[in-house]
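A.B. asks: So here's structure-v5.cif (mmCIF, C-alpha atoms).
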```
data_model
loop_
_atom_site.label_atom_id
_atom_site.label_comp_id
_atom_site.auth_asym_id
_atom_site.auth_seq_id
_atom_site.Cartn_x
_atom_site.Cartn_y
_atom_site.Cartn_z
CA MET Y 1 -63.41 -57.84 13.70
CA ALA Y 2 -60.74 -58.21 16.37
CA ASP Y 3 -59.16 -61.10 14.48
CA ARG Y 4 -58.95 -59.04 11.30
CA VAL Y 5 -57.29 -56.20 13.21
CA LYS Y 6 -54.74 -58.61 14.69
CA SER Y 7 -54.03 -60.11 11.25
CA ALA Y 8 -53.53 -56.68 9.73
CA ALA Y 9 -51.21 -55.68 12.58
CA ALA Y 10 -49.18 -58.85 12.08
CA LEU Y 11 -48.76 -58.12 8.37
CA VAL Y 12 -47.60 -54.59 9.11
CA ALA Y 13 -45.13 -55.87 11.70
CA ALA Y 14 -43.72 -58.62 9.48
CA PRO Y 15 -40.20 -57.79 8.27
CA SER Y 16 -39.70 -57.31 4.54
CA ASP Y 17 -37.66 -59.63 2.31
CA THR Y 18 -34.93 -57.00 2.19
CA GLU Y 19 -34.80 -56.70 5.96
CA LEU Y 20 -34.69 -60.46 6.48
CA VAL Y 21 -31.93 -60.87 3.89
CA ARG Y 22 -29.94 -58.02 5.48
CA ARG Y 23 -30.18 -59.67 8.89
CA ALA Y 24 -29.36 -63.10 7.48
CA LEU Y 25 -26.26 -61.74 5.78
CA ALA Y 26 -25.23 -60.51 9.22
CA ARG Y 27 -25.55 -64.14 10.42
CA ASP Y 28 -28.68 -63.48 12.49
CA ALA Y 29 -30.04 -66.97 13.21
CA SER Y 30 -33.52 -65.64 13.93
CA ALA Y 31 -33.67 -64.22 10.40
CA PHE Y 32 -32.82 -67.60 8.88
CA ARG Y 33 -35.47 -69.22 11.04
CA ALA Y 34 -38.07 -66.61 10.06
CA ILE Y 35 -37.34 -67.17 6.36
CA MET Y 36 -37.67 -70.95 6.69
CA LYS Y 37 -40.82 -70.84 8.81
CA THR Y 38 -42.41 -68.61 6.18
CA HIS Y 39 -41.44 -70.63 3.11
CA ASN Y 40 -41.14 -74.26 4.29
CA GLN Y 41 -44.68 -75.25 3.30
CA ARG Y 42 -44.52 -73.88 -0.24
CA LEU Y 43 -41.05 -75.21 -0.97
CA TYR Y 44 -41.89 -78.66 0.34
CA ARG Y 45 -45.05 -78.86 -1.74
CA LEU Y 46 -43.21 -77.78 -4.88
CA ALA Y 47 -40.40 -80.29 -4.31
CA ARG Y 48 -42.77 -83.13 -3.54
CA GLY Y 49 -44.86 -82.26 -6.57
CA ILE Y 50 -41.80 -82.99 -8.68
CA VAL Y 51 -40.17 -86.00 -7.02
CA ARG Y 52 -43.31 -87.58 -5.48
CA ASN Y 53 -41.47 -88.72 -2.36
CA ASP Y 54 -41.88 -87.22 1.11
CA GLY Y 55 -38.38 -87.87 2.44
CA GLU Y 56 -36.60 -86.84 -0.75
CA ALA Y 57 -38.68 -83.67 -0.98
CA GLU Y 58 -37.64 -82.73 2.56
CA ASP Y 59 -33.99 -83.36 1.69
CA ILE Y 60 -34.34 -81.23 -1.46
CA VAL Y 61 -35.75 -78.32 0.52
CA GLN Y 62 -32.89 -78.57 3.01
CA GLU Y 63 -30.31 -78.59 0.22
CA GLY Y 64 -32.09 -75.71 -1.45
CA TYR Y 65 -31.94 -73.62 1.71
CA VAL Y 66 -28.25 -74.33 2.24
CA ARG Y 67 -27.50 -73.37 -1.35
CA ALA Y 68 -29.61 -70.22 -1.09
CA PHE Y 69 -28.20 -69.13 2.26
CA THR Y 70 -24.59 -69.66 1.20
CA HIS Y 71 -25.22 -67.44 -1.85
CA LEU Y 72 -27.61 -65.01 -0.21
CA GLU Y 73 -25.64 -62.02 -1.44
CA SER Y 74 -26.82 -62.85 -4.97
CA PHE Y 75 -30.44 -62.05 -4.03
CA ARG Y 76 -31.05 -58.64 -5.61
CA GLY Y 77 -34.77 -58.27 -4.99
CA ASP Y 78 -35.64 -58.48 -8.70
CA SER Y 79 -38.22 -61.09 -7.66
CA THR Y 80 -39.70 -61.90 -4.28
CA LEU Y 81 -37.73 -64.02 -1.85
CA ALA Y 82 -40.42 -66.70 -2.20
CA THR Y 83 -39.92 -66.87 -5.97
CA TRP Y 84 -36.12 -66.86 -5.66
CA LEU Y 85 -36.15 -69.72 -3.15
CA SER Y 86 -38.75 -71.64 -5.14
CA ARG Y 87 -36.62 -71.54 -8.28
CA ILE Y 88 -33.64 -72.92 -6.38
CA VAL Y 89 -35.69 -75.78 -4.93
CA ILE Y 90 -37.33 -76.58 -8.27
CA ASN Y 91 -33.93 -76.69 -9.97
CA GLU Y 92 -32.62 -79.00 -7.24
CA ALA Y 93 -35.64 -81.30 -7.60
CA LEU Y 94 -35.45 -81.40 -11.40
CA GLY Y 95 -31.71 -82.06 -11.20
CA ARG Y 96 -32.35 -85.11 -9.05
CA LEU Y 97 -34.93 -86.43 -11.48
CA ARG Y 98 -32.45 -86.07 -14.32
CA LYS Y 99 -29.82 -87.99 -12.35
CA LYS Y 100 -32.28 -90.80 -11.61
CA ARG Y 101 -33.25 -91.04 -15.24
CA ARG Y 102 -29.63 -91.11 -16.39
CA ALA Y 103 -28.90 -93.82 -13.83
CA LEU Y 104 -31.87 -95.84 -15.08
CA GLU Y 105 -30.79 -95.43 -18.71
CA GLN Y 106 -27.26 -96.50 -17.79
CA SER Y 107 -28.47 -99.58 -15.92
CA MET Y 108 -30.65 -100.51 -18.87
CA SER Y 109 -27.75 -100.18 -21.29
CA ASP Y 110 -25.56 -102.30 -19.00
CA ASP Y 111 -28.23 -104.97 -18.63
CA PRO Y 112 -30.49 -105.44 -21.69
CA ALA Y 113 -32.75 -107.70 -19.63
CA ILE Y 114 -34.02 -104.71 -17.65
CA GLU Y 115 -37.28 -103.53 -19.11
CA ALA Y 116 -37.85 -99.83 -19.71
CA LYS Y 117 -40.41 -98.45 -17.32
CA ILE Y 118 -41.31 -95.27 -15.50
CA ILE Y 119 -39.70 -94.96 -12.06
CA GLN Y 120 -42.34 -95.17 -9.37
CA PHE Y 121 -40.92 -93.39 -6.34
CA PRO Y 122 -42.18 -94.87 -3.06
CA LEU Y 123 -44.51 -92.71 -1.01
CA ASN Y 124 -42.98 -92.55 2.45
CA THR Y 125 -45.50 -92.52 5.28
CA PRO Y 126 -43.60 -92.75 8.57
CA ASN Y 127 -45.77 -93.90 11.45
CA ASP Y 128 -43.99 -91.64 13.95
CA ASP Y 129 -44.92 -88.40 12.16
CA PRO Y 130 -48.15 -87.10 13.76
CA GLU Y 131 -48.64 -84.38 11.12
CA ARG Y 132 -48.47 -86.91 8.31
CA THR Y 133 -50.67 -89.40 10.16
CA MET Y 134 -53.34 -86.79 10.76
CA ALA Y 135 -53.33 -85.83 7.07
CA GLN Y 136 -53.79 -89.35 5.77
CA ARG Y 137 -57.51 -89.23 5.53
CA GLN Y 138 -58.76 -91.15 2.54
CA ILE Y 139 -59.59 -88.13 0.41
CA LEU Y 140 -56.10 -86.66 0.82
CA GLN Y 141 -54.60 -89.97 -0.26
CA PHE Y 142 -56.71 -89.75 -3.41
CA VAL Y 143 -55.52 -86.21 -4.08
CA GLU Y 144 -51.86 -87.04 -3.59
CA ARG Y 145 -52.05 -90.25 -5.61
CA ALA Y 146 -53.84 -88.58 -8.49
CA THR Y 147 -51.36 -85.69 -8.52
CA ASP Y 148 -48.44 -88.11 -8.43
CA ASN Y 149 -49.77 -89.95 -11.46
CA ILE Y 150 -49.81 -87.07 -13.92
CA PRO Y 151 -46.71 -86.17 -16.01
CA ASP Y 152 -44.05 -83.89 -14.53
CA ILE Y 153 -44.76 -80.82 -16.69
CA TYR Y 154 -48.42 -80.83 -15.71
CA ARG Y 155 -47.89 -81.79 -12.07
CA THR Y 156 -45.49 -78.90 -11.38
CA VAL Y 157 -47.97 -76.37 -12.76
CA PHE Y 158 -50.85 -77.98 -10.86
CA VAL Y 159 -49.00 -77.93 -7.55
CA ALA Y 160 -47.90 -74.31 -7.96
CA ARG Y 161 -51.17 -72.97 -9.32
CA VAL Y 162 -53.86 -74.99 -7.52
CA ILE Y 163 -52.37 -76.48 -4.36
CA GLU Y 164 -50.00 -73.60 -3.56
CA GLY Y 165 -52.40 -70.95 -4.88
CA LEU Y 166 -50.01 -68.93 -7.04
CA SER Y 167 -51.45 -66.74 -9.78
CA ILE Y 168 -50.97 -67.60 -13.45
CA GLU Y 169 -48.36 -64.84 -13.73
CA GLU Y 170 -46.53 -66.00 -10.60
CA THR Y 171 -46.52 -69.60 -11.82
CA ALA Y 172 -45.22 -68.55 -15.23
CA ASP Y 173 -42.46 -66.47 -13.63
CA LEU Y 174 -41.56 -69.27 -11.23
CA LEU Y 175 -41.29 -71.95 -13.92
CA GLY Y 176 -39.89 -69.73 -16.67
CA ILE Y 177 -42.75 -70.36 -19.10
CA LYS Y 178 -45.43 -68.20 -20.75
CA PRO Y 179 -48.76 -67.54 -18.99
CA GLU Y 180 -50.51 -69.16 -21.95
CA THR Y 181 -48.44 -72.30 -21.37
CA VAL Y 182 -49.47 -72.30 -17.70
CA LYS Y 183 -53.13 -72.18 -18.72
CA THR Y 184 -52.73 -74.98 -21.24
CA ARG Y 185 -50.84 -77.27 -18.85
CA LEU Y 186 -53.21 -76.53 -15.99
CA PHE Y 187 -56.21 -77.39 -18.17
CA ARG Y 188 -54.56 -80.66 -19.14
CA ALA Y 189 -53.58 -81.44 -15.51
CA ARG Y 190 -57.12 -80.90 -14.28
CA ASN Y 191 -58.53 -83.15 -16.96
CA LEU Y 192 -56.06 -85.90 -16.07
CA ILE Y 193 -56.82 -85.62 -12.36
CA ARG Y 194 -60.55 -85.43 -12.94
CA ARG Y 195 -60.41 -88.89 -14.44
CA GLN Y 196 -59.08 -90.25 -11.14
CA LEU Y 197 -61.04 -88.26 -8.61
CA ASP Y 198 -64.52 -87.19 -7.71
CA GLU Y 199 -65.22 -83.53 -8.28
CA GLN Y 200 -65.14 -82.91 -4.53
CA ILE Y 201 -61.38 -82.30 -4.25
CA GLY Y 202 -61.29 -78.52 -4.06
CA PRO Y 203 -62.07 -78.02 -0.35
CA VAL Y 204 -59.21 -80.25 0.79
CA LEU Y 205 -56.40 -79.20 -1.54
CA LEU Y 206 -54.92 -76.74 0.95
CA ASP Y 207 -54.33 -79.62 3.38
CA ALA Y 208 -52.57 -81.85 0.86
CA PHE Y 209 -48.83 -82.56 1.28
CA PRO Y 210 -48.65 -81.09 4.82
CA PHE Y 211 -45.43 -79.62 6.11
CA ALA Y 212 -45.86 -78.26 9.60
CA GLY Y 213 -45.12 -78.91 13.23
CA GLN Y 214 -42.46 -81.56 13.81
CA ARG Y 215 -41.40 -81.86 10.16
CA CYS Y 216 -41.09 -78.08 9.71
CA GLU Y 217 -39.11 -77.66 12.92
CA ARG Y 218 -36.81 -80.60 12.09
CA LEU Y 219 -35.83 -79.14 8.73
CA THR Y 220 -35.33 -75.64 10.16
CA VAL Y 221 -33.02 -76.93 12.92
CA ALA Y 222 -31.06 -79.08 10.44
CA VAL Y 223 -30.39 -76.14 8.11
CA LEU Y 224 -29.31 -73.86 10.97
CA LYS Y 225 -26.96 -76.60 12.21
CA ARG Y 226 -25.40 -77.00 8.77
CA LEU Y 227 -24.87 -73.23 8.63
CA GLY Y 228 -23.14 -73.32 12.02
CA LEU Y 229 -25.72 -71.04 13.63
CA GLN Y 230 -27.06 -71.31 17.16
CA GLU Y 231 -29.97 -69.28 18.51
#
```
Since I need it in another form, could you write the structure as structure tokens?
C.D. replies:
Amino acid sequence: MADRVKSAAALVAAPSDTELVRRALARDASAFRAIMKTHNQRLYRLARGIVRNDGEAEDIVQEGYVRAFTHLESFRGDSTLATWLSRIVINEALGRLRKKRRALEQSMSDDPAIEAKIIQFPLNTPNDDPERTMAQRQILQFVERATDNIPDIYRTVFVARVIEGLSIEETADLLGIKPETVKTRLFRARNLIRRQLDEQIGPVLLDAFPFAGQRCERLTVAVLKRLGLQE
């Protein structure tokens, strides 16, 4: 009971999107930090779900924050801050995929000997990252590998809807597609993943693609430094 009361009090005390944006526009470093601490996990998961690479996903989130914070005055509150930031990060991630594909196509046209194949981005697993090491239990490796292996259009919906826990409407709004399309792609994604995994994946999905502790703090500090802010 006491824990529920504390949680409710924390929600009441949490500043609104509008308040955080107002403070950030006034160059309040604590507001930037609060925004990043709140949204780091979701944005990282979405980025990684697209590019399938830990280090590149982290870099995408950092670039997304810098782009968002340097154009913060354009946030009008028509959507939530989470949705606005997510769209920026998704666009950044998709843009990088397009560049990689164009580069691959160019290299193939320059050298006919290069065979056409799908780019397999390496999965970075640094040994000095305790959060990542802790998360590399065998079942989580299966979840990540299976998610990586499905096509982009299904993987993005799966990450947003199942791993991140967004509703069908929120996922549709985030990706700019119809709710019916979300349902169709999610159904297809689950079928593809089910072929690779046991049915016991549900309980561990919330722990997949972790972004906390050292990694979260590193990104937050890097963005604040690039913005020229000191706390």
A.B. asks: Have a look at atom CA of Y:Asp148 and atom CA of Y:Arg52 and let me know their distance in Å, one decimal.
C.D. replies: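 The value is 5.9 Å.
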A.B. asks: Skip Y:Asp173 itself and residues of its chain fewer than 3 positions away, then list as a list in words all residues within 12 Å of it, counting all atoms listed in the file.
C.D. replies: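 Counting only the stated atoms, we get Asp78, Ser79, Thr80, Ala82, Thr83, Trp84, Ser86, Arg87, Val157, Ala160, Arg161, Leu166, Ser167, Ile168, Glu169, Glu170, Gly176, Ile177, Lys178, Pro179, Glu180, Thr181 and Val182 of chain Y.
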A.B. asks: Would you kindly translate the PyMOL selection byres ((chain Y and resi 19) around 12) into the concrete residues it picks from this file, as an mmCIF file with C-alpha atoms, in the coordinates of the input?
C.D. replies:
```cif
data_model
loop_
_atom_site.group_PDB
_atom_site.id
_atom_site.type_symbol
_atom_site.label_atom_id
_atom_site.label_comp_id
_atom_site.auth_asym_id
_atom_site.auth_seq_id
_atom_site.Cartn_x
_atom_site.Cartn_y
_atom_site.Cartn_z
ATOM 1 C CA ALA Y 13 -45.130 -55.870 11.700
ATOM 2 C CA ALA Y 14 -43.720 -58.620 9.480
ATOM 3 C CA PRO Y 15 -40.200 -57.790 8.270
ATOM 4 C CA SER Y 16 -39.700 -57.310 4.540
ATOM 5 C CA ASP Y 17 -37.660 -59.630 2.310
ATOM 6 C CA THR Y 18 -34.930 -57.000 2.190
ATOM 7 C CA LEU Y 20 -34.690 -60.460 6.480
ATOM 8 C CA VAL Y 21 -31.930 -60.870 3.890
ATOM 9 C CA ARG Y 22 -29.940 -58.020 5.480
ATOM 10 C CA ARG Y 23 -30.180 -59.670 8.890
ATOM 11 C CA ALA Y 24 -29.360 -63.100 7.480
ATOM 12 C CA LEU Y 25 -26.260 -61.740 5.780
ATOM 13 C CA ALA Y 26 -25.230 -60.510 9.220
ATOM 14 C CA ASP Y 28 -28.680 -63.480 12.490
ATOM 15 C CA ALA Y 31 -33.670 -64.220 10.400
ATOM 16 C CA PHE Y 32 -32.820 -67.600 8.880
ATOM 17 C CA ALA Y 34 -38.070 -66.610 10.060
ATOM 18 C CA ILE Y 35 -37.340 -67.170 6.360
ATOM 19 C CA GLY Y 77 -34.770 -58.270 -4.990
ATOM 20 C CA LEU Y 81 -37.730 -64.020 -1.850
#
```
A.B. asks: Taking (-40.3, -74.7, 0.4) in the file's coordinates as the center, which residues reach within 10 Å of it, counting all atoms listed in the file, put as a short mmCIF file (atom, residue, chain, number, x, y, z; two decimals) with C-alpha atoms, in the frame of the given file?
C.D. replies:
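The new file part.cif reads:
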```cif
data_model
loop_
_atom_site.label_atom_id
_atom_site.label_comp_id
_atom_site.auth_asym_id
_atom_site.auth_seq_id
_atom_site.Cartn_x
_atom_site.Cartn_y
_atom_site.Cartn_z
CA MET Y 36 -37.67 -70.95 6.69
CA LYS Y 37 -40.82 -70.84 8.81
CA THR Y 38 -42.41 -68.61 6.18
CA HIS Y 39 -41.44 -70.63 3.11
CA ASN Y 40 -41.14 -74.26 4.29
CA GLN Y 41 -44.68 -75.25 3.30
CA ARG Y 42 -44.52 -73.88 -0.24
CA LEU Y 43 -41.05 -75.21 -0.97
CA TYR Y 44 -41.89 -78.66 0.34
CA ARG Y 45 -45.05 -78.86 -1.74
CA LEU Y 46 -43.21 -77.78 -4.88
CA ALA Y 47 -40.40 -80.29 -4.31
CA ARG Y 48 -42.77 -83.13 -3.54
CA ALA Y 57 -38.68 -83.67 -0.98
CA GLU Y 58 -37.64 -82.73 2.56
CA ILE Y 60 -34.34 -81.23 -1.46
CA VAL Y 61 -35.75 -78.32 0.52
CA GLN Y 62 -32.89 -78.57 3.01
CA GLY Y 64 -32.09 -75.71 -1.45
CA TYR Y 65 -31.94 -73.62 1.71
CA ALA Y 82 -40.42 -66.70 -2.20
CA LEU Y 85 -36.15 -69.72 -3.15
CA SER Y 86 -38.75 -71.64 -5.14
CA ARG Y 87 -36.62 -71.54 -8.28
CA ILE Y 88 -33.64 -72.92 -6.38
CA VAL Y 89 -35.69 -75.78 -4.93
CA ILE Y 90 -37.33 -76.58 -8.27
CA PHE Y 211 -45.43 -79.62 6.11
CA CYS Y 216 -41.09 -78.08 9.71
#
```
A.B. asks: Calculate how many Å separate atom CA of Y:Ala29 from atom CA of Y:Leu227, rounding to one decimal.
C.D. replies: 9.3 Å
A.B. asks: Between atom CA of Y:Asp54 and atom CA of Y:Ile153, what is the spacing in Å?
C.D. replies: 19.1 Å
A.B. asks: Please, can stretch 169-201 of chain Y be completed to N, CA and C atoms and returned as an mmCIF file, in the coordinates of the input?
C.D. replies:
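The resulting selection-v2.cif:
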```cif
data_model
loop_
_atom_site.group_PDB
_atom_site.id
_atom_site.type_symbol
_atom_site.label_atom_id
_atom_site.label_comp_id
_atom_site.auth_asym_id
_atom_site.auth_seq_id
_atom_site.Cartn_x
_atom_site.Cartn_y
_atom_site.Cartn_z
ATOM 1 N N GLU Y 169 -49.591 -65.604 -13.476
ATOM 2 C CA GLU Y 169 -48.360 -64.840 -13.730
ATOM 3 C C GLU Y 169 -47.234 -65.300 -12.818
ATOM 4 N N GLU Y 170 -47.547 -65.536 -11.549
ATOM 5 C CA GLU Y 170 -46.530 -66.000 -10.600
ATOM 6 C C GLU Y 170 -46.015 -67.392 -10.982
ATOM 7 N N THR Y 171 -46.917 -68.251 -11.403
ATOM 8 C CA THR Y 171 -46.520 -69.600 -11.820
ATOM 9 C C THR Y 171 -45.634 -69.547 -13.053
ATOM 10 N N ALA Y 172 -46.014 -68.703 -14.008
ATOM 11 C CA ALA Y 172 -45.220 -68.550 -15.230
ATOM 12 C C ALA Y 172 -43.823 -68.035 -14.909
ATOM 13 N N ASP Y 173 -43.754 -67.040 -14.025
ATOM 14 C CA ASP Y 173 -42.460 -66.470 -13.630
ATOM 15 C C ASP Y 173 -41.621 -67.499 -12.892
ATOM 16 N N LEU Y 174 -42.255 -68.262 -12.038
ATOM 17 C CA LEU Y 174 -41.560 -69.270 -11.230
ATOM 18 C C LEU Y 174 -40.960 -70.371 -12.102
ATOM 19 N N LEU Y 175 -41.713 -70.822 -13.094
ATOM 20 C CA LEU Y 175 -41.290 -71.950 -13.920
ATOM 21 C C LEU Y 175 -40.589 -71.523 -15.212
ATOM 22 N N GLY Y 176 -40.555 -70.211 -15.470
ATOM 23 C CA GLY Y 176 -39.890 -69.730 -16.670
ATOM 24 C C GLY Y 176 -40.615 -70.079 -17.947
ATOM 25 N N ILE Y 177 -41.952 -70.074 -17.913
ATOM 26 C CA ILE Y 177 -42.750 -70.360 -19.100
ATOM 27 C C ILE Y 177 -43.761 -69.240 -19.310
ATOM 28 N N LYS Y 178 -44.455 -69.244 -20.435
ATOM 29 C CA LYS Y 178 -45.430 -68.200 -20.750
ATOM 30 C C LYS Y 178 -46.735 -68.448 -19.988
ATOM 31 N N PRO Y 179 -47.460 -67.372 -19.653
ATOM 32 C CA PRO Y 179 -48.760 -67.540 -18.990
ATOM 33 C C PRO Y 179 -49.709 -68.433 -19.780
ATOM 34 N N GLU Y 180 -49.658 -68.323 -21.116
ATOM 35 C CA GLU Y 180 -50.510 -69.160 -21.950
ATOM 36 C C GLU Y 180 -50.171 -70.648 -21.769
ATOM 37 N N THR Y 181 -48.873 -70.918 -21.583
ATOM 38 C CA THR Y 181 -48.440 -72.300 -21.370
ATOM 39 C C THR Y 181 -48.949 -72.808 -20.024
ATOM 40 N N VAL Y 182 -48.931 -71.929 -19.015
ATOM 41 C CA VAL Y 182 -49.470 -72.300 -17.700
ATOM 42 C C VAL Y 182 -50.931 -72.696 -17.834
ATOM 43 N N LYS Y 183 -51.705 -71.894 -18.551
ATOM 44 C CA LYS Y 183 -53.130 -72.180 -18.720
ATOM 45 C C LYS Y 183 -53.362 -73.507 -19.426
ATOM 46 N N THR Y 184 -52.574 -73.746 -20.471
ATOM 47 C CA THR Y 184 -52.730 -74.980 -21.240
ATOM 48 C C THR Y 184 -52.395 -76.209 -20.392
ATOM 49 N N ARG Y 185 -51.255 -76.131 -19.675
ATOM 50 C CA ARG Y 185 -50.840 -77.270 -18.850
ATOM 51 C C ARG Y 185 -51.780 -77.495 -17.685
ATOM 52 N N LEU Y 186 -52.283 -76.400 -17.105
ATOM 53 C CA LEU Y 186 -53.210 -76.530 -15.990
ATOM 54 C C LEU Y 186 -54.516 -77.186 -16.452
ATOM 55 N N PHE Y 187 -54.991 -76.792 -17.621
ATOM 56 C CA PHE Y 187 -56.210 -77.390 -18.170
ATOM 57 C C PHE Y 187 -56.015 -78.887 -18.369
ATOM 58 N N ARG Y 188 -54.862 -79.254 -18.908
ATOM 59 C CA ARG Y 188 -54.560 -80.660 -19.140
ATOM 60 C C ARG Y 188 -54.432 -81.418 -17.811
ATOM 61 N N ALA Y 189 -53.760 -80.799 -16.823
ATOM 62 C CA ALA Y 189 -53.580 -81.440 -15.510
ATOM 63 C C ALA Y 189 -54.922 -81.704 -14.852
ATOM 64 N N ARG Y 190 -55.815 -80.727 -14.908
ATOM 65 C CA ARG Y 190 -57.120 -80.900 -14.280
ATOM 66 C C ARG Y 190 -57.918 -82.020 -14.946
ATOM 67 N N ASN Y 191 -57.820 -82.084 -16.255
ATOM 68 C CA ASN Y 191 -58.530 -83.150 -16.960
ATOM 69 C C ASN Y 191 -58.000 -84.528 -16.581
ATOM 70 N N LEU Y 192 -56.666 -84.621 -16.445
ATOM 71 C CA LEU Y 192 -56.060 -85.900 -16.070
ATOM 72 C C LEU Y 192 -56.468 -86.306 -14.656
ATOM 73 N N ILE Y 193 -56.461 -85.326 -13.752
ATOM 74 C CA ILE Y 193 -56.820 -85.620 -12.360
ATOM 75 C C ILE Y 193 -58.303 -85.917 -12.227
ATOM 76 N N ARG Y 194 -59.107 -85.231 -13.016
ATOM 77 C CA ARG Y 194 -60.550 -85.430 -12.940
ATOM 78 C C ARG Y 194 -60.951 -86.866 -13.275
ATOM 79 N N ARG Y 195 -60.127 -87.502 -14.087
ATOM 80 C CA ARG Y 195 -60.410 -88.890 -14.440
ATOM 81 C C ARG Y 195 -60.204 -89.816 -13.232
ATOM 82 N N GLN Y 196 -59.412 -89.390 -12.282
ATOM 83 C CA GLN Y 196 -59.080 -90.250 -11.140
ATOM 84 C C GLN Y 196 -59.846 -89.900 -9.874
ATOM 85 N N LEU Y 197 -60.410 -88.717 -9.849
ATOM 86 C CA LEU Y 197 -61.040 -88.260 -8.610
ATOM 87 C C LEU Y 197 -62.493 -87.860 -8.788
ATOM 88 N N ASP Y 198 -63.213 -87.826 -7.715
ATOM 89 C CA ASP Y 198 -64.520 -87.190 -7.710
ATOM 90 C C ASP Y 198 -64.314 -85.698 -7.849
ATOM 91 N N GLU Y 199 -65.349 -84.975 -8.106
ATOM 92 C CA GLU Y 199 -65.220 -83.530 -8.280
ATOM 93 C C GLU Y 199 -65.106 -82.796 -6.946
ATOM 94 N N GLN Y 200 -65.152 -83.545 -5.844
ATOM 95 C CA GLN Y 200 -65.140 -82.910 -4.530
ATOM 96 C C GLN Y 200 -63.735 -82.796 -3.962
ATOM 97 N N ILE Y 201 -62.755 -82.378 -4.758
ATOM 98 C CA ILE Y 201 -61.380 -82.300 -4.250
ATOM 99 C C ILE Y 201 -60.998 -80.893 -3.821
#
```
